[in-house]
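Undergrad: Data: protein34.cif, mmCIF, C-alpha atoms.
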data_data
loop_
_atom_site.group_PDB
_atom_site.id
_atom_site.type_symbol
_atom_site.label_atom_id
_atom_site.label_comp_id
_atom_site.auth_asym_id
_atom_site.auth_seq_id
_atom_site.Cartn_x
_atom_site.Cartn_y
_atom_site.Cartn_z
ATOM 1 C CA MET S 236 0.000 0.000 0.000
ATOM 2 C CA PRO S 237 1.555 3.337 -0.996
ATOM 3 C CA GLU S 238 2.499 5.711 1.797
ATOM 4 C CA PHE S 239 0.224 8.721 2.121
ATOM 5 C CA ASP S 240 2.116 11.986 1.681
ATOM 6 C CA LEU S 241 0.535 14.320 4.224
ATOM 7 C CA THR S 242 2.793 17.204 3.263
ATOM 8 C CA ALA S 243 1.794 16.967 -0.385
ATOM 9 C CA PHE S 244 -1.876 16.811 0.641
ATOM 10 C CA SER S 245 -1.470 19.897 2.826
ATOM 11 C CA ASP S 246 0.317 21.768 0.054
ATOM 12 C CA ALA S 247 -2.438 20.855 -2.400
ATOM 13 C CA LEU S 248 -5.136 22.275 -0.127
ATOM 14 C CA ALA S 249 -3.164 25.454 0.411
ATOM 15 C CA GLY S 250 -2.720 25.712 -3.352
ATOM 16 C CA LEU S 251 -6.467 25.502 -3.933
ATOM 17 C CA ALA S 252 -7.089 28.283 -1.421
ATOM 18 C CA SER S 253 -4.357 30.438 -2.924
ATOM 19 C CA ALA S 254 -5.730 29.996 -6.442
ATOM 20 C CA ALA S 255 -9.244 31.004 -5.309
ATOM 21 C CA ALA S 256 -8.088 33.987 -3.234
ATOM 22 C CA PRO S 257 -8.239 36.684 -5.961
ATOM 23 C CA ALA S 258 -11.935 35.968 -6.560
ATOM 24 C CA LEU S 259 -12.900 36.396 -2.887
ATOM 25 C CA VAL S 260 -13.922 39.524 -0.977
ATOM 26 C CA ALA S 261 -14.768 40.199 2.656
ATOM 27 C CA VAL S 262 -18.183 41.781 3.202
ATOM 28 C CA GLU S 263 -19.179 44.237 5.920
ATOM 29 C CA ALA S 264 -22.841 45.236 6.034
ATOM 30 C CA GLY S 265 -24.984 46.928 8.657
ATOM 31 C CA GLY S 266 -22.637 46.272 11.570
ATOM 32 C CA ARG S 267 -23.316 42.523 11.548
ATOM 33 C CA HIS S 268 -20.591 39.918 11.665
ATOM 34 C CA GLY S 269 -18.418 39.835 8.579
ATOM 35 C CA SER S 270 -19.210 37.480 5.741
ATOM 36 C CA SER S 271 -17.727 36.643 2.357
ATOM 37 C CA ALA S 272 -18.621 36.884 -1.321
ATOM 38 C CA PHE S 273 -17.033 35.666 -4.533
ATOM 39 C CA HIS S 274 -16.768 37.039 -8.050
ATOM 40 C CA TRP S 275 -19.340 35.542 -10.393
ATOM 41 C CA ARG S 276 -18.804 37.433 -13.658
ATOM 42 C CA ASP S 277 -18.358 40.980 -14.920
ATOM 43 C CA ASP S 278 -18.779 43.231 -11.866
ATOM 44 C CA LEU S 279 -21.151 40.855 -10.032
ATOM 45 C CA TYR S 280 -20.369 39.144 -6.718
ATOM 46 C CA VAL S 281 -22.435 36.481 -4.969
ATOM 47 C CA GLY S 282 -22.922 36.590 -1.210
ATOM 48 C CA ALA S 283 -25.322 35.472 1.530
ATOM 49 C CA SER S 284 -28.689 37.218 1.850
ATOM 50 C CA GLU S 285 -28.797 36.498 5.602
ATOM 51 C CA ALA S 286 -25.710 38.673 6.072
ATOM 52 C CA ILE S 287 -26.983 41.647 4.049
ATOM 53 C CA GLU S 288 -30.232 43.555 4.471
ATOM 54 C CA THR S 289 -31.802 45.708 1.773
ATOM 55 C CA ASP S 290 -31.014 49.028 3.446
ATOM 56 C CA ASP S 291 -27.438 48.168 4.480
ATOM 57 C CA ALA S 292 -24.417 50.157 3.403
ATOM 58 C CA VAL S 293 -22.107 47.456 2.049
ATOM 59 C CA THR S 294 -18.297 47.537 1.915
ATOM 60 C CA VAL S 295 -16.129 44.821 0.405
ATOM 61 C CA THR S 296 -12.406 44.229 0.852
ATOM 62 C CA ASP S 297 -10.499 42.568 -1.964
ATOM 63 C CA ALA S 298 -7.333 40.458 -2.147
ATOM 64 C CA ALA S 299 -5.119 43.558 -2.082
ATOM 65 C CA GLY S 300 -6.735 44.742 1.159
ATOM 66 C CA LYS S 301 -8.538 47.552 -0.627
ATOM 67 C CA GLY S 302 -11.976 48.435 0.698
ATOM 68 C CA GLN S 303 -14.657 49.810 -1.588
ATOM 69 C CA ALA S 304 -18.398 50.372 -1.610
ATOM 70 C CA ALA S 305 -20.649 47.756 -3.156
ATOM 71 C CA THR S 306 -24.229 48.071 -4.364
ATOM 72 C CA LEU S 307 -26.776 45.447 -3.394
ATOM 73 C CA LEU S 308 -28.563 44.628 -6.659
ATOM 74 C CA GLY S 309 -30.965 42.231 -4.992
ATOM 75 C CA ARG S 310 -31.393 39.389 -2.527
ATOM 76 C CA ASP S 311 -33.436 36.221 -2.569
ATOM 77 C CA PRO S 312 -34.129 34.984 0.974
ATOM 78 C CA THR S 313 -35.784 31.849 -0.435
ATOM 79 C CA THR S 314 -32.432 30.538 -1.692
ATOM 80 C CA GLY S 315 -30.136 32.601 0.557
ATOM 81 C CA ILE S 316 -28.445 34.390 -2.354
ATOM 82 C CA ALA S 317 -27.500 38.080 -2.492
ATOM 83 C CA LEU S 318 -26.058 39.835 -5.545
ATOM 84 C CA LEU S 319 -23.542 42.664 -5.170
ATOM 85 C CA LYS S 320 -22.046 44.991 -7.733
ATOM 86 C CA THR S 321 -18.560 46.423 -7.284
ATOM 87 C CA ALA S 322 -15.295 46.790 -9.168
ATOM 88 C CA ALA S 323 -14.537 43.532 -10.946
ATOM 89 C CA THR S 324 -11.469 41.361 -10.795
ATOM 90 C CA ASP S 325 -10.232 39.138 -13.602
ATOM 91 C CA ALA S 326 -10.433 36.109 -11.315
ATOM 92 C CA VAL S 327 -13.461 33.835 -11.734
ATOM 93 C CA LEU S 328 -14.052 30.467 -10.060
ATOM 94 C CA GLN S 329 -14.742 27.789 -12.649
ATOM 95 C CA THR S 330 -17.727 25.561 -11.959
ATOM 96 C CA ALA S 331 -16.885 21.986 -10.954
ATOM 97 C CA ALA S 332 -16.758 19.591 -13.891
ATOM 98 C CA ARG S 333 -19.080 17.066 -12.237
ATOM 99 C CA PRO S 334 -21.522 16.975 -9.306
ATOM 100 C CA VAL S 335 -20.045 16.058 -5.942
ATOM 101 C CA GLY S 336 -21.210 12.996 -4.069
ATOM 102 C CA ALA S 337 -21.396 12.090 -0.404
ATOM 103 C CA GLY S 338 -17.926 11.561 1.041
ATOM 104 C CA ALA S 339 -16.182 13.939 -1.362
ATOM 105 C CA LEU S 340 -13.794 16.520 0.068
ATOM 106 C CA ALA S 341 -15.052 20.109 0.104
ATOM 107 C CA LEU S 342 -12.918 23.168 0.754
ATOM 108 C CA SER S 343 -14.817 26.266 1.902
ATOM 109 C CA VAL S 344 -13.020 29.521 1.126
ATOM 110 C CA GLY S 345 -13.815 33.109 2.016
ATOM 111 C CA ARG S 346 -12.089 36.258 3.148
ATOM 112 C CA GLY S 347 -11.712 38.023 6.464
ATOM 113 C CA GLU S 348 -10.034 41.250 7.477
ATOM 114 C CA ALA S 349 -6.579 39.684 7.509
ATOM 115 C CA GLY S 350 -6.846 37.471 4.444
ATOM 116 C CA VAL S 351 -8.256 34.217 3.159
ATOM 117 C CA ILE S 352 -10.292 31.971 5.487
ATOM 118 C CA VAL S 353 -10.468 28.248 4.793
ATOM 119 C CA GLY S 354 -12.488 25.345 6.168
ATOM 120 C CA LEU S 355 -12.073 21.696 5.216
ATOM 121 C CA GLY S 356 -14.840 19.128 5.378
ATOM 122 C CA VAL S 357 -16.634 16.424 3.467
ATOM 123 C CA VAL S 358 -19.956 16.315 1.671
ATOM 124 C CA ALA S 359 -22.136 14.635 4.294
ATOM 125 C CA GLU S 360 -25.214 14.445 2.089
ATOM 126 C CA ALA S 361 -25.779 14.828 -1.648
ATOM 127 C CA GLY S 362 -29.280 14.438 -2.988
ATOM 128 C CA PRO S 363 -31.963 15.653 -5.375
ATOM 129 C CA ALA S 364 -33.640 19.042 -5.671
ATOM 130 C CA TRP S 365 -35.439 20.387 -2.604
ATOM 131 C CA ARG S 366 -37.366 23.433 -1.390
ATOM 132 C CA SER S 367 -36.192 25.708 1.373
ATOM 133 C CA MET S 368 -38.441 26.651 4.281
ATOM 134 C CA ARG S 369 -39.299 29.842 2.351
ATOM 135 C CA GLY S 370 -40.198 28.023 -0.846
ATOM 136 C CA GLY S 371 -37.010 28.481 -2.848
ATOM 137 C CA LEU S 372 -36.142 25.716 -5.302
ATOM 138 C CA ILE S 373 -32.597 24.409 -4.742
ATOM 139 C CA ASP S 374 -31.376 22.240 -7.630
ATOM 140 C CA ARG S 375 -29.396 19.784 -5.496
ATOM 141 C CA ARG S 376 -29.099 19.012 -1.794
ATOM 142 C CA ILE S 377 -25.498 19.418 -0.626
ATOM 143 C CA ARG S 378 -24.810 19.388 3.108
ATOM 144 C CA LEU S 379 -21.309 19.642 4.540
ATOM 145 C CA GLN S 380 -19.790 17.977 7.583
ATOM 146 C CA ALA S 381 -17.399 20.704 8.684
ATOM 147 C CA SER S 382 -16.709 23.234 11.422
ATOM 148 C CA LEU S 383 -16.660 26.586 9.655
ATOM 149 C CA ASP S 384 -15.792 30.135 10.666
ATOM 150 C CA PRO S 385 -18.977 32.280 10.573
ATOM 151 C CA ARG S 386 -17.229 34.635 8.143
ATOM 152 C CA LEU S 387 -17.236 31.846 5.549
ATOM 153 C CA GLU S 388 -20.964 32.429 5.034
ATOM 154 C CA GLY S 389 -21.287 33.700 1.474
ATOM 155 C CA GLY S 390 -17.986 32.115 0.482
ATOM 156 C CA ALA S 391 -17.360 29.419 -2.076
ATOM 157 C CA ALA S 392 -17.269 25.640 -1.694
ATOM 158 C CA LEU S 393 -14.664 23.986 -3.921
ATOM 159 C CA ASP S 394 -14.146 20.364 -4.877
ATOM 160 C CA ALA S 395 -10.791 18.568 -4.747
ATOM 161 C CA GLY S 396 -9.913 19.915 -8.189
ATOM 162 C CA GLY S 397 -10.633 23.531 -7.243
ATOM 163 C CA GLY S 398 -13.939 23.625 -9.117
ATOM 164 C CA LEU S 399 -16.808 25.665 -7.694
ATOM 165 C CA ILE S 400 -19.486 23.533 -6.061
ATOM 166 C CA GLY S 401 -21.558 26.505 -4.951
ATOM 167 C CA LEU S 402 -22.316 29.106 -2.284
ATOM 168 C CA VAL S 403 -21.638 28.329 1.389
ATOM 169 C CA LEU S 404 -24.540 29.084 3.760
ATOM 170 C CA PHE S 405 -25.556 28.032 7.252
ATOM 171 C CA GLY S 406 -28.820 26.183 7.721
ATOM 172 C CA PRO S 407 -30.688 25.323 10.932
ATOM 173 C CA HIS S 408 -28.413 24.837 13.934
ATOM 174 C CA ARG S 409 -25.582 26.468 11.943
ATOM 175 C CA ARG S 410 -25.097 23.369 9.824
ATOM 176 C CA PRO S 411 -23.179 24.310 6.685
ATOM 177 C CA LEU S 412 -24.813 23.658 3.355
ATOM 178 C CA VAL S 413 -24.066 24.560 -0.241
ATOM 179 C CA ILE S 414 -26.383 26.247 -2.729
ATOM 180 C CA PRO S 415 -25.212 24.615 -5.982
ATOM 181 C CA ALA S 416 -23.741 26.662 -8.817
ATOM 182 C CA GLU S 417 -26.697 25.962 -11.130
ATOM 183 C CA THR S 418 -29.089 27.495 -8.580
ATOM 184 C CA VAL S 419 -26.772 30.484 -8.195
ATOM 185 C CA GLU S 420 -26.748 31.003 -11.968
ATOM 186 C CA ARG S 421 -30.538 30.944 -12.182
ATOM 187 C CA VAL S 422 -31.041 33.307 -9.244
ATOM 188 C CA VAL S 423 -28.263 35.704 -10.275
ATOM 189 C CA THR S 424 -29.886 36.070 -13.699
ATOM 190 C CA ALA S 425 -33.187 37.076 -12.080
ATOM 191 C CA LEU S 426 -31.605 39.399 -9.513
ATOM 192 C CA ALA S 427 -29.491 41.154 -12.128
ATOM 193 C CA SER S 428 -32.570 41.756 -14.287
ATOM 194 C CA HIS S 429 -35.285 42.464 -11.715
ATOM 195 C CA GLY S 430 -33.650 42.954 -8.295
ATOM 196 C CA HIS S 431 -35.691 40.061 -6.934
ATOM 197 C CA VAL S 432 -36.830 36.565 -7.854
ATOM 198 C CA PRO S 433 -40.551 36.434 -8.698
ATOM 199 C CA ARG S 434 -42.359 34.217 -6.192
ATOM 200 C CA GLY S 435 -45.799 32.786 -5.906
ATOM 201 C CA TYR S 436 -48.357 35.067 -4.267
ATOM 202 C CA LEU S 437 -51.498 34.017 -2.438
ATOM 203 C CA GLY S 438 -52.664 37.436 -1.240
ATOM 204 C CA ALA S 439 -53.857 36.269 2.175
ATOM 205 C CA ALA S 440 -52.591 36.311 5.741
ATOM 206 C CA LEU S 441 -52.721 32.819 7.206
ATOM 207 C CA HIS S 442 -52.762 31.141 10.607
ATOM 208 C CA PRO S 443 -51.848 27.476 11.158
ATOM 209 C CA ILE S 444 -54.639 25.139 12.232
ATOM 210 C CA ARG S 445 -53.774 21.834 13.893
ATOM 211 C CA GLN S 446 -56.760 20.179 15.475
ATOM 212 C CA ALA S 447 -57.527 16.510 15.960
ATOM 213 C CA GLU S 448 -58.679 15.890 12.403
ATOM 214 C CA ILE S 449 -58.043 19.255 10.740
ATOM 215 C CA HIS S 450 -54.612 20.430 9.617
ATOM 216 C CA GLY S 451 -54.230 23.419 7.378
ATOM 217 C CA ALA S 452 -53.977 27.208 7.141
ATOM 218 C CA MET S 453 -56.821 29.568 8.044
ATOM 219 C CA VAL S 454 -57.403 32.745 6.012
ATOM 220 C CA MET S 455 -57.192 35.666 8.468
ATOM 221 C CA SER S 456 -57.200 38.558 5.977
ATOM 222 C CA LEU S 457 -57.270 39.079 2.227
ATOM 223 C CA ASP S 458 -55.453 41.538 -0.003
ATOM 224 C CA ALA S 459 -57.982 43.492 -2.027
ATOM 225 C CA GLY S 460 -57.811 42.316 -5.623
ATOM 226 C CA GLY S 461 -55.241 39.646 -4.743
ATOM 227 C CA PRO S 462 -55.261 36.096 -6.158
ATOM 228 C CA ALA S 463 -57.000 34.578 -3.112
ATOM 229 C CA ALA S 464 -59.795 37.150 -3.112
ATOM 230 C CA THR S 465 -60.192 36.818 -6.877
ATOM 231 C CA ALA S 466 -60.469 33.031 -6.537
ATOM 232 C CA GLY S 467 -63.298 33.431 -4.034
ATOM 233 C CA LEU S 468 -61.586 32.587 -0.744
ATOM 234 C CA VAL S 469 -63.214 34.247 2.266
ATOM 235 C CA LEU S 470 -62.173 34.991 5.837
ATOM 236 C CA GLY S 471 -62.278 31.889 8.000
ATOM 237 C CA ASP S 472 -61.636 29.434 5.161
ATOM 238 C CA VAL S 473 -59.202 26.710 6.152
ATOM 239 C CA ILE S 474 -56.989 25.586 3.264
ATOM 240 C CA THR S 475 -56.412 21.866 3.736
ATOM 241 C CA ALA S 476 -55.178 20.633 0.341
ATOM 242 C CA TRP S 477 -53.229 21.789 -2.721
ATOM 243 C CA ASP S 478 -54.096 19.854 -5.879
ATOM 244 C CA GLY S 479 -55.174 16.934 -3.735
ATOM 245 C CA GLU S 480 -52.089 16.914 -1.501
ATOM 246 C CA PRO S 481 -52.622 17.694 2.208
ATOM 247 C CA VAL S 482 -51.469 21.091 3.478
ATOM 248 C CA GLU S 483 -50.038 20.638 6.967
ATOM 249 C CA GLY S 484 -49.917 24.316 7.840
ATOM 250 C CA VAL S 485 -48.746 27.740 6.724
ATOM 251 C CA ARG S 486 -45.188 26.621 6.110
ATOM 252 C CA GLY S 487 -46.310 23.762 3.887
ATOM 253 C CA LEU S 488 -48.377 26.185 1.820
ATOM 254 C CA ILE S 489 -45.547 28.715 1.476
ATOM 255 C CA ARG S 490 -43.203 26.019 0.182
ATOM 256 C CA ARG S 491 -45.571 25.510 -2.729
ATOM 257 C CA LEU S 492 -45.352 29.197 -3.679
ATOM 258 C CA GLY S 493 -41.909 29.068 -5.242
ATOM 259 C CA PRO S 494 -40.841 30.945 -8.402
ATOM 260 C CA ASP S 495 -41.953 28.063 -10.616
ATOM 261 C CA SER S 496 -45.506 28.268 -9.247
ATOM 262 C CA VAL S 497 -46.343 31.706 -10.712
ATOM 263 C CA GLY S 498 -49.202 31.459 -13.210
ATOM 264 C CA ASN S 499 -50.131 27.883 -12.320
ATOM 265 C CA THR S 500 -53.778 27.076 -11.641
ATOM 266 C CA VAL S 501 -54.344 24.688 -8.746
ATOM 267 C CA VAL S 502 -57.344 23.319 -6.879
ATOM 268 C CA LEU S 503 -57.409 24.207 -3.203
ATOM 269 C CA GLY S 504 -59.242 21.985 -0.767
ATOM 270 C CA VAL S 505 -61.067 24.277 1.670
ATOM 271 C CA LEU S 506 -63.140 23.846 4.797
ATOM 272 C CA ARG S 507 -65.802 26.567 4.871
ATOM 273 C CA GLY S 508 -68.183 26.549 7.795
ATOM 274 C CA GLY S 509 -67.262 22.931 8.415
ATOM 275 C CA LYS S 510 -68.106 21.902 4.859
ATOM 276 C CA ALA S 511 -65.440 20.673 2.416
ATOM 277 C CA GLU S 512 -65.256 22.631 -0.840
ATOM 278 C CA GLU S 513 -62.843 23.091 -3.747
ATOM 279 C CA VAL S 514 -61.628 26.436 -5.064
ATOM 280 C CA SER S 515 -59.754 26.936 -8.336
ATOM 281 C CA PHE S 516 -56.875 29.321 -7.681
ATOM 282 C CA THR S 517 -54.290 30.883 -10.027
ATOM 283 C CA VAL S 518 -50.967 31.683 -8.339
ATOM 284 C CA GLY S 519 -49.993 35.324 -8.700
ATOM 285 C CA ALA S 520 -46.556 36.960 -8.652
ATOM 286 C CA ARG S 521 -45.609 38.482 -5.330
ATOM 287 C CA PRO S 522 -45.098 42.259 -5.511
ATOM 288 C CA ALA S 523 -41.384 43.106 -5.479
ATOM 289 C CA ARG S 524 -41.645 45.001 -2.198
ATOM 290 C CA GLU S 525 -42.843 41.802 -0.483
ATOM 291 C CA ALA S 526 -40.524 39.313 -2.192
ATOM 292 C CA GLY S 527 -39.234 36.766 0.303
ATOM 293 C CA HIS S 528 -41.318 37.955 3.252
ATOM 294 C CA GLY S 529 -44.510 37.074 5.070
ATOM 295 C CA ASP S 530 -47.121 34.331 4.964
ATOM 296 C CA ARG S 531 -48.972 35.676 1.953
#
How would this structure read if it were set down as structure tokens?
TA:
Amino acid sequence: MPEFDLTAFSDALAGLASAAAPALVAVEAGGRHGSSAFHWRDDLYVGASEAIETDDAVTVTDAAGKGQAATLLGRDPTTGIALLKTAATDAVLQTAARPVGAGALALSVGRGEAGVIVGLGVVAEAGPAWRSMRGGLIDRRIRLQASLDPRLEGGAALDAGGGLIGLVLFGPHRRPLVIPAETVERVVTALASHGHVPRGYLGAALHPIRQAEIHGAMVMSLDAGGPAATAGLVLGDVITAWDGEPVEGVRGLIRRLGPDSVGNTVVLGVLRGGKAEEVSFTVGARPAREAGHGDR
């Protein structure tokens, strides 16, 4: 069995981080903890929406230690992606040649005040497309087993060849996950064009209902002229099904209102005055000012 060369392995990891360094910037926004971003193309940088609010003044620091203002072009809380515009670098991270699988090495790279930050881990889980708690469609499930510096949020995850896997974020309980490059590409295109990602819009405030035999979401108010009001929903209706599939509560309904739902016509199962009814409902597009927020 050949002897493992730990020094060569260490040097290889350091080389990957060094090669990625010119594409990375440190992000300071709104007095929160620092985060990272990486150059996508032209003068566009991808970061973490959780680390940047809409009204924040944003400053980025590049590989030369130069700080400069950045403009937030848009953020999509449903996928965790923020898009910044600032002076471009020539360095771009090339997308990984093939999807990573469970057990593959993953190097997380970002930038802090003093330079590059690196975290090493493995892909703990690699699976099919999934929806976030806010309804965003993520093209692949990639969860990391790694202990990462908080400033790596918004940084890049690289495979063993230095290829970009995707954007590093922190999920529930600060578990690191990766938003894959194909999702980033789709969301960046929308943010660059519109400043937000169009999402499904119900036009109703909801309250979860969990009784012995009734699970669903009760309509508490309706937006005048909104899709729910237009479809004929009324106050007190309890939405229990979406195209025949049970709705377990508000969160389950919101997950169905992703970007790909806009314009679709679905049949809602509704309890009205204790009587089961069906309502045909066409999903609207959430107004830009509300994108990513609320139970509506």
Undergrad: Using all atoms of range 377-392 of chain S that appear in the file, construct an axis-aligned enclosing box with 3 Å of padding on every side and provide its centre coordinates and edge lengths in Å, rounded to one decimal, as JSON.
TA:
{"center_x": -20.6, "center_y": 26.3, "center_z": 4.7, "size_x": 15.7, "size_y": 22.7, "size_z": 19.5}
Undergrad: Given the file above and the PyMOL selection byres ((chain S and resi 355-361) around 6), which residues are selected, and can you give them as a list in words?
TA: Gly336, Ala337, Gly338, Ala339, Leu340, Ala341, Leu342, Gly354, Gly362, Arg376, Ile377, Arg378, Leu379, Gln380 and Ala381 of chain S
Undergrad: Might you spell out which residues the PyMOL selection byres ((chain S and resi 473) around 7) would select in the displayed file, as a list in words?
TA: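 For this structure, the PyMOL selection byres ((chain S and resi 473) around 7) resolves to Gly451, Ala452, Met453, Val454, Gly471, Asp472, Ile474, Thr475, Val505, Leu506 and Arg507 of chain S.
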Undergrad: Counting only C-alpha atoms, which of S:Val518, S:Ala416, S:Leu372, S:Leu387 gets nearest to Asp311 in chain S?
TA: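 Smallest distance to Asp311 in chain S is found for S:Leu372.
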Undergrad: For this file, the PyMOL selection byres ((chain S and resi 272) around 8) selects which residues, as a PyMOL selection string?
TA: chain S and resi 259-262+270-271+273-274+280-283+345-346+389-391
Undergrad: With distances taken over all atoms listed in the file, which of S:Gly435, S:Arg386, S:Arg267, S:Val293 is nearest to Ala463 in chain S?
TA: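 Looking only at the distances to Ala463 in chain S, the closest residue turns out to be S:Gly435.
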Undergrad: Within 10 Å of (-30.6, 23.7, 6.5) (coordinates as in the file), grab all the protein and nucleic acid residues, counting all atoms listed in the file, and write them out as JSON, numbers by chain.
TA: {"S": [367, 368, 376, 377, 378, 404, 405, 406, 407, 408, 409, 410, 411, 412, 413]}
Undergrad: May I ask which of the residues S:Leu251, S:Ala258, S:Leu308, S:Ala326 is the closest one to Thr296 in chain S, counting all atoms listed in the file?
TA: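 Going through S:Leu251, S:Ala258, S:Leu308, S:Ala326 one by one, the smallest distance to Thr296 in chain S is for S:Ala258.
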Undergrad: Model the absent atoms of range 271-293 of chain S so that N, CA and C atoms are present, and write the result as an mmCIF file, keeping the file's coordinate frame.
TA:
data_model
loop_
_atom_site.group_PDB
_atom_site.id
_atom_site.type_symbol
_atom_site.label_atom_id
_atom_site.label_comp_id
_atom_site.auth_asym_id
_atom_site.auth_seq_id
_atom_site.Cartn_x
_atom_site.Cartn_y
_atom_site.Cartn_z
ATOM 1 N N SER S 271 -18.538 36.691 3.567
ATOM 2 C CA SER S 271 -17.727 36.643 2.357
ATOM 3 C C SER S 271 -18.600 36.736 1.117
ATOM 4 N N ALA S 272 -17.957 36.948 -0.021
ATOM 5 C CA ALA S 272 -18.621 36.884 -1.321
ATOM 6 C C ALA S 272 -17.555 36.497 -2.332
ATOM 7 N N PHE S 273 -18.002 36.025 -3.499
ATOM 8 C CA PHE S 273 -17.033 35.666 -4.533
ATOM 9 C C PHE S 273 -17.479 36.195 -5.882
ATOM 10 N N HIS S 274 -16.505 36.467 -6.734
ATOM 11 C CA HIS S 274 -16.768 37.039 -8.050
ATOM 12 C C HIS S 274 -17.483 36.011 -8.918
ATOM 13 N N TRP S 275 -18.574 36.426 -9.527
ATOM 14 C CA TRP S 275 -19.340 35.542 -10.393
ATOM 15 C C TRP S 275 -18.997 35.794 -11.860
ATOM 16 N N ARG S 276 -19.202 37.026 -12.307
ATOM 17 C CA ARG S 276 -18.804 37.433 -13.658
ATOM 18 C C ARG S 276 -18.951 38.949 -13.745
ATOM 19 N N ASP S 277 -18.307 39.528 -14.730
ATOM 20 C CA ASP S 277 -18.358 40.980 -14.920
ATOM 21 C C ASP S 277 -18.069 41.675 -13.586
ATOM 22 N N ASP S 278 -18.976 42.555 -13.154
ATOM 23 C CA ASP S 278 -18.779 43.231 -11.866
ATOM 24 C C ASP S 278 -19.754 42.711 -10.808
ATOM 25 N N LEU S 279 -20.171 41.457 -10.929
ATOM 26 C CA LEU S 279 -21.151 40.855 -10.032
ATOM 27 C C LEU S 279 -20.491 39.895 -9.052
ATOM 28 N N TYR S 280 -20.878 40.007 -7.777
ATOM 29 C CA TYR S 280 -20.369 39.144 -6.718
ATOM 30 C C TYR S 280 -21.552 38.491 -6.008
ATOM 31 N N VAL S 281 -21.389 37.245 -5.646
ATOM 32 C CA VAL S 281 -22.435 36.481 -4.969
ATOM 33 C C VAL S 281 -22.098 36.379 -3.489
ATOM 34 N N GLY S 282 -23.090 36.695 -2.644
ATOM 35 C CA GLY S 282 -22.922 36.590 -1.210
ATOM 36 C C GLY S 282 -24.147 35.975 -0.569
ATOM 37 N N ALA S 283 -24.241 36.092 0.759
ATOM 38 C CA ALA S 283 -25.322 35.472 1.530
ATOM 39 C C ALA S 283 -26.375 36.515 1.895
ATOM 40 N N SER S 284 -27.630 36.250 1.566
ATOM 41 C CA SER S 284 -28.689 37.218 1.850
ATOM 42 C C SER S 284 -28.892 37.412 3.350
ATOM 43 N N GLU S 285 -28.617 36.378 4.155
ATOM 44 C CA GLU S 285 -28.797 36.498 5.602
ATOM 45 C C GLU S 285 -27.831 37.497 6.213
ATOM 46 N N ALA S 286 -26.731 37.770 5.533
ATOM 47 C CA ALA S 286 -25.710 38.673 6.072
ATOM 48 C C ALA S 286 -25.871 40.101 5.579
ATOM 49 N N ILE S 287 -26.831 40.330 4.662
ATOM 50 C CA ILE S 287 -26.983 41.647 4.049
ATOM 51 C C ILE S 287 -28.467 41.988 3.965
ATOM 52 N N GLU S 288 -28.854 43.095 4.580
ATOM 53 C CA GLU S 288 -30.232 43.555 4.471
ATOM 54 C C GLU S 288 -30.351 44.595 3.363
ATOM 55 N N THR S 289 -31.569 44.836 2.920
ATOM 56 C CA THR S 289 -31.802 45.708 1.773
ATOM 57 C C THR S 289 -31.282 47.123 1.987
ATOM 58 N N ASP S 290 -31.399 47.638 3.202
ATOM 59 C CA ASP S 290 -31.014 49.028 3.446
ATOM 60 C C ASP S 290 -29.599 49.175 3.989
ATOM 61 N N ASP S 291 -28.808 48.106 3.961
ATOM 62 C CA ASP S 291 -27.438 48.168 4.480
ATOM 63 C C ASP S 291 -26.507 48.931 3.548
ATOM 64 N N ALA S 292 -25.567 49.661 4.150
ATOM 65 C CA ALA S 292 -24.417 50.157 3.403
ATOM 66 C C ALA S 292 -23.401 49.024 3.383
ATOM 67 N N VAL S 293 -22.953 48.639 2.199
ATOM 68 C CA VAL S 293 -22.107 47.456 2.049
ATOM 69 C C VAL S 293 -20.712 47.866 1.596
#
